[in-house]
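Asker: Pasting start_2.txt here (compact mmCIF, C-alpha atoms):
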```txt
# COMPACT_ATOMS: atom_id res chain seq x y z
CA SER K 67 -27.25 -20.57 54.11
CA GLY K 68 -23.77 -21.52 55.24
CA LEU K 69 -23.62 -25.04 53.81
CA HIS K 70 -24.85 -23.80 50.44
CA GLN K 71 -22.09 -21.21 50.06
CA SER K 72 -20.21 -23.32 47.53
CA ARG K 73 -18.22 -20.30 46.43
CA GLU K 74 -17.50 -19.37 50.06
CA GLN K 75 -19.24 -15.98 49.91
CA ASN K 76 -22.13 -14.34 51.74
CA TYR K 77 -25.55 -14.30 50.08
CA ASN K 78 -27.45 -11.36 51.55
CA ASN K 79 -30.33 -11.28 49.05
CA PRO K 80 -32.51 -14.04 47.55
CA ALA K 81 -30.96 -13.94 44.06
CA SER K 82 -27.31 -13.67 45.11
CA ASP K 83 -26.71 -17.30 44.12
CA GLU K 84 -28.26 -17.04 40.65
CA TYR K 85 -25.97 -17.50 37.67
CA ASP K 86 -26.77 -17.15 33.99
CA GLN K 87 -25.92 -19.83 31.45
CA ILE K 88 -25.84 -17.40 28.54
CA SER K 89 -23.09 -14.82 28.16
CA MET K 90 -24.10 -11.95 25.90
CA THR K 91 -21.88 -9.80 23.74
CA ILE K 92 -24.50 -7.04 23.98
CA LYS K 93 -24.87 -5.80 27.54
CA ASN K 94 -28.17 -6.90 29.06
CA PRO K 95 -28.92 -5.10 32.34
CA TYR K 96 -31.96 -7.26 33.06
CA LYS K 97 -30.23 -10.38 34.32
CA GLY K 98 -28.08 -11.40 37.25
CA ALA K 99 -28.50 -10.83 40.98
CA ALA K 100 -29.86 -7.25 40.88
CA PHE K 101 -32.66 -8.13 38.48
CA GLY K 102 -33.35 -11.39 40.33
CA ASN K 103 -33.63 -9.59 43.66
CA ALA K 104 -36.03 -7.06 42.15
CA MET K 105 -38.16 -9.95 40.85
CA HIS K 106 -38.15 -11.64 44.26
CA HIS K 107 -39.24 -8.37 45.87
CA VAL K 108 -42.16 -7.95 43.47
CA LEU K 109 -43.32 -11.54 43.97
CA GLU K 110 -43.14 -11.18 47.74
CA HIS K 111 -45.19 -7.96 47.80
CA ALA K 112 -47.56 -8.56 44.87
CA GLU K 113 -51.22 -7.90 45.70
CA LYS K 114 -53.64 -10.36 44.08
CA LEU K 115 -55.98 -7.75 42.64
CA ASP K 116 -53.14 -5.81 41.05
CA TRP K 117 -51.94 -8.91 39.16
CA SER K 118 -55.26 -10.65 38.51
CA ALA K 119 -55.32 -9.64 34.83
CA GLY K 120 -53.43 -12.26 32.88
CA LYS K 121 -52.20 -9.86 30.20
CA LEU K 122 -49.50 -7.22 30.39
CA ASN K 123 -51.61 -4.49 28.77
CA GLN K 124 -54.35 -5.01 31.37
CA LEU K 125 -52.05 -4.78 34.37
CA HIS K 126 -53.03 -2.47 37.22
CA GLN K 127 -50.88 0.63 37.61
CA ASN K 128 -49.99 -0.44 41.16
CA ALA K 129 -48.28 -3.53 39.76
CA ARG K 130 -46.19 -1.50 37.35
CA GLN K 131 -45.26 0.94 40.11
CA LEU K 132 -44.13 -1.93 42.35
CA ALA K 133 -41.94 -3.28 39.54
CA LEU K 134 -40.42 0.15 38.91
CA SER K 135 -39.69 0.87 42.58
CA SER K 136 -38.20 -2.61 43.03
CA LEU K 137 -35.78 -2.14 40.14
CA ILE K 138 -34.70 1.22 41.54
CA GLN K 139 -34.34 -0.27 45.04
CA PHE K 140 -31.86 -2.83 43.72
CA GLY K 141 -29.63 -0.37 41.93
CA TYR K 142 -31.17 0.53 38.57
CA ASP K 143 -31.22 4.16 37.53
CA ALA K 144 -34.62 5.67 36.76
CA VAL K 145 -34.34 5.37 32.96
CA THR K 146 -33.05 1.77 32.93
CA ALA K 147 -35.65 0.81 35.52
CA GLU K 148 -38.48 2.29 33.47
CA GLN K 149 -37.29 0.41 30.40
CA GLY K 150 -37.21 -2.86 32.34
CA VAL K 151 -40.70 -2.64 33.83
CA ASP K 152 -42.44 -4.54 31.00
CA LEU K 153 -39.99 -7.45 31.16
CA LEU K 154 -40.16 -7.70 34.94
CA CYS K 155 -43.95 -7.49 34.95
CA ALA K 156 -44.19 -10.17 32.25
CA LEU K 157 -41.99 -12.55 34.27
CA VAL K 158 -43.99 -11.95 37.44
CA LEU K 159 -47.29 -12.39 35.57
CA ASN K 160 -46.17 -15.71 34.11
CA THR K 161 -44.92 -16.87 37.51
CA LEU K 162 -48.17 -15.97 39.25
CA HIS K 163 -50.44 -17.32 36.50
CA GLY K 164 -48.36 -20.34 35.50
CA LEU K 165 -49.70 -23.72 36.55
CA LEU K 166 -47.96 -25.59 39.34
CA PRO K 167 -47.79 -29.41 39.10
CA GLU K 168 -50.95 -29.42 41.24
CA LYS K 169 -52.74 -27.70 38.30
CA ILE K 170 -53.31 -24.53 40.29
CA SER K 171 -51.54 -21.18 40.03
CA LEU K 172 -49.95 -19.20 42.85
CA LEU K 173 -52.56 -16.51 42.31
CA GLN K 174 -55.38 -19.01 42.88
CA LEU K 175 -54.11 -20.09 46.28
CA ALA K 176 -56.00 -18.74 49.29
CA GLU K 177 -54.16 -16.14 51.34
CA GLN K 178 -54.15 -18.38 54.41
CA ASP K 179 -52.43 -21.13 52.40
CA VAL K 180 -49.41 -19.02 51.46
CA ARG K 181 -46.50 -17.80 53.54
CA HIS K 182 -43.80 -15.58 52.05
CA GLU K 183 -40.20 -15.43 53.21
CA LEU K 184 -40.33 -18.04 55.96
CA GLU K 185 -37.23 -17.41 58.04
CA PHE K 186 -35.63 -20.46 59.60
CA HIS K 187 -32.88 -21.14 62.12
CA LEU K 188 -31.59 -24.70 61.83
CA SER K 189 -29.81 -25.71 65.01
CA LEU K 190 -26.55 -27.53 64.40
CA ASN K 191 -25.27 -29.64 67.26
CA ASN K 192 -21.99 -31.43 66.51
CA ALA K 193 -23.01 -31.85 62.88
CA ASN K 194 -20.29 -33.88 61.18
CA CYS K 195 -19.54 -32.54 57.68
CA ASN K 196 -18.18 -35.83 56.40
CA GLU K 197 -21.28 -37.66 57.60
CA ILE K 198 -23.55 -35.07 55.94
CA LEU K 199 -21.69 -35.48 52.66
CA LYS K 200 -21.85 -39.27 52.91
CA ILE K 201 -25.63 -39.16 53.42
CA LEU K 202 -26.09 -36.81 50.46
CA HIS K 203 -24.00 -39.01 48.17
CA GLN K 204 -25.84 -42.17 49.26
CA HIS K 205 -29.09 -40.58 48.10
CA GLY K 206 -27.63 -39.23 44.84
CA TYR K 207 -27.29 -35.55 45.78
CA CYS K 208 -24.31 -33.20 45.47
CA LEU K 209 -22.14 -35.89 43.90
CA ASN K 210 -19.57 -33.34 42.68
CA ARG K 211 -18.93 -31.91 46.13
CA GLN K 212 -16.13 -33.37 48.24
CA GLN K 213 -16.16 -31.16 51.34
CA PHE K 214 -17.86 -28.31 53.19
CA GLY K 215 -15.21 -25.68 53.76
CA PHE K 216 -12.52 -26.52 56.30
CA GLN K 217 -14.59 -27.34 59.37
CA GLN K 218 -15.31 -30.92 60.32
CA GLN K 219 -17.94 -30.15 62.98
CA LEU K 220 -20.67 -27.51 62.78
CA ASN K 221 -22.39 -25.95 65.77
CA GLY K 222 -24.74 -23.04 66.14
CA LEU K 223 -27.57 -21.82 63.93
CA LEU K 224 -27.87 -22.13 60.15
CA THR K 225 -30.16 -19.30 59.10
CA GLY K 226 -31.99 -18.56 55.87
CA LYS K 227 -35.31 -17.71 54.25
CA ILE K 228 -37.59 -19.77 52.06
CA ASP K 229 -39.14 -17.68 49.28
CA LEU K 230 -42.59 -19.21 49.68
CA ILE K 231 -44.42 -22.04 51.40
CA TYR K 232 -47.83 -22.97 50.06
CA ARG K 233 -50.41 -25.45 51.25
CA TYR K 234 -52.72 -27.30 48.88
CA ILE K 235 -55.18 -29.96 50.09
CA ASN K 236 -53.32 -29.93 53.41
CA ILE K 237 -49.96 -30.72 51.80
CA TYR K 238 -47.10 -28.24 52.10
CA TYR K 239 -44.66 -27.26 49.35
CA VAL K 240 -41.42 -25.26 49.20
CA VAL K 241 -41.10 -22.66 46.44
CA ASP K 242 -37.95 -20.91 45.29
CA TYR K 243 -37.99 -18.29 42.53
CA LYS K 244 -35.22 -18.23 39.93
CA SER K 245 -34.58 -15.62 37.25
CA ASN K 246 -31.58 -17.46 35.74
CA LEU K 247 -31.07 -16.97 32.02
CA LEU K 248 -30.69 -20.48 30.58
CA VAL K 249 -30.28 -21.84 27.05
CA ASP K 250 -33.70 -23.47 27.40
CA TYR K 251 -36.14 -24.46 30.13
CA GLN K 252 -36.85 -28.09 29.34
CA VAL K 253 -36.82 -30.54 32.25
CA SER K 254 -33.26 -31.69 31.48
CA ALA K 255 -31.96 -28.10 31.35
CA LEU K 256 -33.57 -27.27 34.67
CA ALA K 257 -32.11 -30.40 36.25
CA GLU K 258 -28.66 -29.42 34.98
CA SER K 259 -29.04 -25.93 36.44
CA ILE K 260 -30.05 -27.42 39.79
CA LYS K 261 -27.02 -29.70 39.76
CA THR K 262 -24.51 -27.11 38.54
CA GLN K 263 -25.52 -24.45 41.05
CA GLU K 264 -26.08 -26.97 43.86
CA TYR K 265 -29.63 -25.79 44.36
CA ASP K 266 -30.33 -29.36 45.48
CA LEU K 267 -28.24 -28.76 48.59
CA GLN K 268 -30.12 -25.51 49.08
CA TYR K 269 -33.53 -27.11 48.89
CA LEU K 270 -32.58 -30.05 51.09
CA LEU K 271 -31.80 -27.53 53.82
CA TYR K 272 -35.20 -25.95 53.17
CA CYS K 273 -36.83 -29.38 53.43
CA VAL K 274 -35.24 -30.10 56.80
CA ALA K 275 -36.23 -26.62 58.01
CA LEU K 276 -39.85 -27.08 56.89
CA HIS K 277 -39.89 -30.62 58.30
CA ARG K 278 -38.94 -29.27 61.72
CA TYR K 279 -41.41 -26.38 61.41
CA LEU K 280 -44.33 -28.65 60.49
CA ARG K 281 -43.45 -31.14 63.20
CA GLN K 282 -43.79 -28.33 65.72
CA LYS K 283 -46.81 -26.67 64.07
CA ILE K 284 -48.94 -29.78 63.44
CA GLY K 285 -47.78 -31.79 66.42
CA SER K 286 -48.06 -35.53 66.97
CA SER K 287 -50.31 -36.04 63.93
CA TYR K 288 -47.59 -34.79 61.58
CA HIS K 289 -46.06 -37.26 59.12
CA TYR K 290 -43.56 -36.17 56.49
CA GLU K 291 -44.91 -38.44 53.75
CA GLN K 292 -48.47 -37.28 54.40
CA HIS K 293 -47.94 -33.54 54.84
CA PHE K 294 -44.90 -32.67 52.72
CA GLY K 295 -45.26 -32.44 48.93
CA GLY K 296 -41.77 -31.45 47.85
CA VAL K 297 -40.04 -28.49 46.29
CA ARG K 298 -40.95 -26.33 43.30
CA TYR K 299 -38.16 -24.26 41.74
CA LEU K 300 -39.89 -21.72 39.51
CA TYR K 301 -37.66 -20.54 36.66
CA ALA K 302 -39.60 -17.40 35.73
CA ARG K 303 -38.12 -17.05 32.23
CA GLY K 304 -39.39 -20.51 31.34
CA MET K 305 -42.89 -20.13 32.75
CA GLN K 306 -46.05 -19.32 30.80
CA ALA K 307 -49.43 -18.22 32.13
CA GLY K 308 -51.91 -21.09 32.06
CA GLN K 309 -49.20 -23.69 31.40
CA CYS K 310 -47.04 -25.92 33.57
CA SER K 311 -43.55 -25.11 32.30
CA GLY K 312 -40.23 -23.88 33.65
CA ILE K 313 -40.69 -25.71 36.96
CA PHE K 314 -38.23 -28.11 38.56
CA SER K 315 -39.86 -30.45 41.09
CA ASP K 316 -38.47 -32.92 43.56
CA CYS K 317 -39.70 -34.64 46.70
CA PRO K 318 -36.76 -36.02 48.69
CA ASN K 319 -37.61 -39.25 50.45
CA TYR K 320 -38.25 -39.33 54.16
CA SER K 321 -35.19 -41.45 54.88
CA LEU K 322 -32.88 -38.73 53.56
CA ILE K 323 -34.61 -35.89 55.43
CA LYS K 324 -34.65 -37.88 58.67
CA GLN K 325 -30.95 -38.74 58.36
CA LEU K 326 -30.01 -35.12 57.65
CA ASP K 327 -32.18 -33.87 60.50
CA LEU K 328 -30.52 -36.24 62.93
CA CYS K 329 -27.05 -35.52 61.59
CA PHE K 330 -27.57 -31.77 61.97
CA ASP K 331 -28.55 -32.18 65.61
CA SER K 332 -27.22 -35.34 67.23
CA ALA K 333 -29.05 -34.51 70.47
CA GLN K 334 -32.32 -35.58 68.81
CA LYS K 335 -31.27 -39.21 68.29
CA SER K 336 -32.50 -40.48 71.63
CA ASN K 337 -36.02 -39.08 71.27
CA TYR K 338 -36.66 -38.84 67.54
CA VAL K 339 -40.29 -39.37 66.59
CA ALA K 340 -41.10 -38.00 63.12
```
Translate this structure into C-alpha cells?

Answerer:
Amino acid sequence: SGLHQSREQNYNNPASDEYDQISMTIKNPYKGAAFGNAMHHVLEHAEKLDWSAGKLNQLHQNARQLALSSLIQFGYDAVTAEQGVDLLCALVLNTLHGLLPEKISLLQLAEQDVRHELEFHLSLNNANCNEILKILHQHGYCLNRQQFGFQQQLNGLLTGKIDLIYRYINIYYVVDYKSNLLVDYQVSALAESIKTQEYDLQYLLYCVALHRYLRQKIGSSYHYEQHFGGVRYLYARGMQAGQCSGIFSDCPNYSLIKQLDLCFDSAQKSNYVA
C-alpha cells in the first residue's frame, strides 16, 4: 500500500517488503522476497487434505508439487527449486498446524470462516498526512517516522491485499504471513521486526480496511470491539506444529481505528456511526 512504502518503492507481491535480519557469508537462496512470495502462494492455494498430515514424510504428493511449482513460478531454476521443496513444505506445514492464540490452527478452521487475499480499496478524501502521523504517534505507533513522502494531502484509492481473514466464534482476525529470517522468534524479536519494518503501519491500514468491510457486511449490528479480534503476523520460521510460537499479535483500540478511518475520509465525519 502507498502509505507503507517507507522505502518509496512499489511492492507488487506479498513478500516484497520482507527483509532478513541475518546476513550470511554462504549464499542461501531460500530467503528474501522470491522465497517469501513462493511461500505466500503455497499458503493461499493449499488444499486441506493435501496438508492434513502433520509430518513432512507423510505429506501428499500434491502438496510437494505445489511447493515445487511455486518456487519455479517465482524465479527458481528446476534444480534449486527441487532442493528447496522440503524447507518450503516444512514452513507451510508449521504455519498451517501451528496454534493461533485462539488455540486453533489455520487447518482446523472451517472453509466458510476463511478468506484468502482479501483485496481492499481504501478511499482517501483529503487525508492530511500530518494529521495521520500525529494520530499514529499519539497511540504509540510509527514513532520513528516523521513524514509520508512529499504530499500533504492524499486523495484517491489506497489499494492492497490482506493475506488472510479468519473468523472464530464470530470474531474476525487479520493474518499476514512472514518468511523473514530473524536471529530468534521470541516475542521481543518479533516486536522489533514489526517496528523496524513498519509492519505496524501496514496492519493498521489492514485494520481500517477490514473495519470498513465488516461495517458494510454486518450492517447496523456491527461493533468493532465485539467483532474485531486483532492482527496475527505469522513468522513461519518461528512457528511449530501444535505450538503457539512465532506469532506477533496486536489489537489496536477502537479510538485509533476510528480516528484513522475519519482522517482518511473526512466526508464521513458528519454521519459516522461505527

Asker: Excluding range 149-161 of chain K and its own-chain neighbours fewer than 2 positions away, which residues fall within 7 Å of it when counting all atoms listed in the file? Please give them as a compact mmCIF listing (two decimals) with C-alpha atoms, keeping the file's coordinate frame.

Answerer:
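The resulting file, selection_2.txt, is reproduced below:
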```txt
# COMPACT_ATOMS: atom_id res chain seq x y z
CA TYR K 96 -31.96 -7.26 33.06
CA MET K 105 -38.16 -9.95 40.85
CA LEU K 109 -43.32 -11.54 43.97
CA TRP K 117 -51.94 -8.91 39.16
CA GLY K 120 -53.43 -12.26 32.88
CA LEU K 122 -49.50 -7.22 30.39
CA ARG K 130 -46.19 -1.50 37.35
CA ALA K 133 -41.94 -3.28 39.54
CA LEU K 134 -40.42 0.15 38.91
CA VAL K 145 -34.34 5.37 32.96
CA THR K 146 -33.05 1.77 32.93
CA ALA K 147 -35.65 0.81 35.52
CA HIS K 163 -50.44 -17.32 36.50
CA GLY K 164 -48.36 -20.34 35.50
CA ALA K 302 -39.60 -17.40 35.73
CA ARG K 303 -38.12 -17.05 32.23
CA MET K 305 -42.89 -20.13 32.75
CA GLN K 306 -46.05 -19.32 30.80
CA ALA K 307 -49.43 -18.22 32.13
```

Asker: Separation of CA of Leu223 in chain K and CA of Gly296 in chain K, in Å?

Answerer: 23.5 Å

Asker: Check the smallest atom-to-atom distance from each of K:Asp242, K:Glu148, K:Glu264, K:Glu183 to Arg211 in chain K using all atoms listed in the file, then report the winner.

Answerer: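 Closest residue, counting all atoms listed in the file: K:Glu264.
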
Asker: So the first atom is CA of Arg281 in chain K and the second is CA of His293 in chain K; what is the distance between them in Å, to one decimal place?

Answerer: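 A separation of 9.8 Å between them.
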
Asker: Taking into account all atoms listed in the file, which residue in the set K:Leu209, K:Leu173, K:Leu220, K:Ala129 is nearest to Lys114 in chain K?

Answerer: K:Leu173

Asker: Counting only C-alpha atoms, figure out which residue out of K:His111, K:Tyr243, K:Gln263, K:Thr225 gets nearest to Asn210 in chain K.

Answerer: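 That would be K:Gln263, the residue with the smallest distance to Asn210 in chain K.
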
Asker: Give the centre and edge lengths of an axis-aligned box, in Å to one decimal, that holds all listed atoms of range 144-159 of chain K with 4 Å on each side, as AutoDock Vina command-line options.

Answerer:
```
--center_x -40.2 --center_y -3.4 --center_z 33.9 --size_x 22.2 --size_y 26.2 --size_z 15.0
```

Asker: Counting all atoms listed in the file, which residues come within 7 Å of (-36.5, -14.6, 55.3), with the point read in the file's coordinates, and could you list them as a ChimeraX atom specification?

Answerer: /K:183-185,226-228
